[in-house]
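*Asks:* Provided herewith is a single structure, encoded as structure tokens, for subsequent inquiry.
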Amino acid sequence: AQSVTQLGSHVSVSEGALVLLRCNYSSSVPPYLFWYVQYPNQGLQLLLKYTSAATLVKGINGFEAEFKKSETSFHLTKPSAHMSDAAEYFCAAALPSNYKLTFGKGTLLTVNP
Amino acid sequence: ETGVTQSPTHLIKTRGQQVTLRCSSQSGHNTVSWYQQALGQGPQFIFQYYREEENGRGNFPPRFSGLQFPNYSSELNVNALELDDSALYLCASSLAGGARMNTEAFFGQGTRLTVV
């Protein structure tokens, strides 16, 4: 069984500030890990994924995440927030064999001018 | 290359009715997964279809059922609708080969179902 916990349902940053969205996972076997972004009234767009290769993963729009097995974490970061980053972000885990995603509850990112 | 498309985009149904939601998978993909996203929550896995067979199911009652067609498009059927079924229903397609999934899942825009 897997579970994903996102710490902080709402994160607010100023434009140009560091973005840090936290994700911890629990899994009986090493999972694949993902970050998705969802804009209002839209589906999910993949930002980046970890599939047991490099532990530092770079994604689209300047986002990156680091897989830390010892901390069971996969936090999402971006050095400088942009207004267009305002959205809901979901961390998800899947077993490599079946791609059935288990999602966290999401973190709403607000970017202030 | 076409993306994942879902229809309809919005739907209002009365409690007790039945509903069918449709999903066209991305070209070349053979696997479709359905998720329910209640307001303010993360998506929850309903079930997955691989080559027209159900390939795993989440914690949803039997009144949630599905089909996958030879062209890999899919339907989600919900019988005896309840108020708590109101949610955004997301379809995701991916490509499976052998024992492993070898692409990420691409999501459609979703169908917003309201049960009154």
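By convention in this document, the chains of the structure tokens carry letters A, B, ... by their order, each chain's residues are numbered from 1, and ligands are numbered from 1 in the order they are shown.
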Within 12 Å of B:Phe47, counting only C-alpha atoms, which residues show up once you throw out same-chain ones fewer than 6 positions away? Write them as a ChimeraX atom specification, please.

*Replies:* /A:98-101 /B:31-36,53-62,64-68,74-77,89-92

*Asks:* Create the file for the chosen residues now, containing C-alpha atoms and written as a short mmCIF file (atom, residue, chain, number, x, y, z; two decimals), in the first residue's frame.

*Replies:*
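Output contents, as saved in again03.cif:
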```
data_model
loop_
_atom_site.label_atom_id
_atom_site.label_comp_id
_atom_site.auth_asym_id
_atom_site.auth_seq_id
_atom_site.Cartn_x
_atom_site.Cartn_y
_atom_site.Cartn_z
CA ASN A 98 1.07 -0.61 -12.75
CA TYR A 99 1.10 3.20 -12.88
CA LYS A 100 -1.95 3.47 -10.61
CA LEU A 101 -1.36 6.85 -9.07
CA THR B 31 -4.25 1.88 -21.02
CA VAL B 32 -6.90 4.10 -19.49
CA SER B 33 -7.29 4.96 -15.83
CA TRP B 34 -10.19 6.79 -14.19
CA TYR B 35 -9.95 9.04 -11.16
CA GLN B 36 -12.51 10.85 -9.02
CA GLU B 53 -9.72 -5.79 -19.43
CA GLU B 54 -10.03 -4.26 -15.96
CA ASN B 55 -6.53 -4.13 -14.52
CA GLY B 56 -7.03 -3.06 -10.94
CA ARG B 57 -9.66 -1.24 -8.96
CA GLY B 58 -9.63 1.27 -6.15
CA ASN B 59 -11.98 1.48 -3.19
CA PHE B 60 -15.17 2.19 -5.13
CA PRO B 61 -18.45 0.25 -5.02
CA PRO B 62 -19.63 -1.99 -7.89
CA PHE B 64 -18.94 2.25 -10.64
CA SER B 65 -18.17 0.24 -13.75
CA GLY B 66 -16.27 0.72 -16.96
CA LEU B 67 -15.49 -0.45 -20.43
CA GLN B 68 -12.57 -0.15 -22.79
CA SER B 74 -13.21 4.08 -22.49
CA GLU B 75 -16.43 4.69 -20.61
CA LEU B 76 -17.11 5.15 -16.94
CA ASN B 77 -20.63 4.24 -15.82
CA TYR B 89 -13.89 12.73 -13.09
CA LEU B 90 -10.51 12.50 -14.75
CA CYS B 91 -9.37 10.06 -17.37
CA ALA B 92 -5.68 9.33 -17.94
#
```

*Asks:* List as a PyMOL selection string the protein and nucleic acid residues near stretch 19-26 of chain A, meaning an atom at most 6 Å away when only C-alpha atoms are counted, but skip any in the same chain fewer than 6 places from it.

*Replies:* chain A and resi 2-7+72-78

*Asks:* Residues of chain A that approach chain B to 12 Å or less, counting only C-alpha atoms: could you list each one with the shortest pair of atoms and its distance in Å to one decimal, rows by chain and increasing residue number, as a Markdown table?

*Replies:*
```
| residue | atom | partner | partner_atom | distance |
| --- | --- | --- | --- | --- |
| A:Ala1 | CA | B:Gly58 | CA | 11.5 |
| A:Ser3 | CA | B:Gln44 | CA | 11.5 |
| A:Val4 | CA | B:Gly42 | CA | 10.2 |
| A:Thr5 | CA | B:Gly42 | CA | 10.7 |
| A:Gln6 | CA | B:Gly42 | CA | 10.3 |
| A:Ser9 | CA | B:Gly40 | CA | 9.5 |
| A:His10 | CA | B:Gly40 | CA | 11.3 |
| A:Tyr32 | CA | B:Glu104 | CA | 10.2 |
| A:Leu33 | CA | B:Glu104 | CA | 10.7 |
| A:Phe34 | CA | B:Glu104 | CA | 9.2 |
| A:Trp35 | CA | B:Glu104 | CA | 11.3 |
| A:Tyr36 | CA | B:Phe107 | CA | 10.1 |
| A:Val37 | CA | B:Phe107 | CA | 11.1 |
| A:Gln38 | CA | B:Gln109 | CA | 9.8 |
| A:Tyr39 | CA | B:Gln109 | CA | 10.2 |
| A:Pro40 | CA | B:Gln109 | CA | 10.4 |
| A:Asn41 | CA | B:Gln109 | CA | 7.7 |
| A:Gln42 | CA | B:Gln109 | CA | 5.0 |
| A:Gly43 | CA | B:Gln109 | CA | 4.0 |
| A:Leu44 | CA | B:Phe107 | CA | 5.7 |
| A:Gln45 | CA | B:Phe107 | CA | 7.0 |
| A:Leu46 | CA | B:Phe106 | CA | 7.7 |
| A:Leu47 | CA | B:Glu104 | CA | 10.9 |
| A:Leu48 | CA | B:Glu104 | CA | 9.7 |
| A:Lys49 | CA | B:Glu104 | CA | 8.3 |
| A:Tyr50 | CA | B:Glu104 | CA | 10.6 |
| A:Thr51 | CA | B:Glu104 | CA | 10.1 |
| A:Glu88 | CA | B:Gly40 | CA | 9.7 |
| A:Tyr89 | CA | B:Gly42 | CA | 9.4 |
| A:Phe90 | CA | B:Gly42 | CA | 7.0 |
| A:Cys91 | CA | B:Gly42 | CA | 9.0 |
| A:Ala92 | CA | B:Gly42 | CA | 9.2 |
| A:Ala93 | CA | B:Phe45 | CA | 11.6 |
| A:Ala94 | CA | B:Met101 | CA | 10.2 |
| A:Leu95 | CA | B:Arg100 | CA | 9.4 |
| A:Pro96 | CA | B:Arg100 | CA | 6.3 |
| A:Ser97 | CA | B:Arg100 | CA | 4.6 |
| A:Asn98 | CA | B:Met101 | CA | 6.1 |
| A:Tyr99 | CA | B:Met101 | CA | 6.2 |
| A:Lys100 | CA | B:Phe45 | CA | 6.9 |
| A:Leu101 | CA | B:Phe45 | CA | 6.8 |
| A:Thr102 | CA | B:Gln44 | CA | 6.9 |
| A:Phe103 | CA | B:Gly42 | CA | 5.7 |
| A:Gly104 | CA | B:Gly42 | CA | 5.7 |
| A:Lys105 | CA | B:Gly42 | CA | 4.3 |
| A:Gly106 | CA | B:Gly42 | CA | 5.8 |
| A:Thr107 | CA | B:Gly42 | CA | 9.5 |
| A:Leu108 | CA | B:Gly40 | CA | 9.6 |
```

*Asks:* Within chain A, find each residue whose DSSP state, derived from the backbone, is helix (DSSP H, G or I), and express the selection as a list in words.

*Replies:* Ile60, Asn61, Gly62, Lys69, Ser70, Glu71, Met83, Ser84 and Asp85 of chain A

*Asks:* When you look at A:Thr110 with a cut-off of 9 Å (counting only C-alpha atoms), what residues show up, excluding the ones that are within fewer than 2 positions of it in the same chain? I need them as a VMD selection string.

*Replies:* chain A and resid 10 to 14 83 85 to 88 108 112
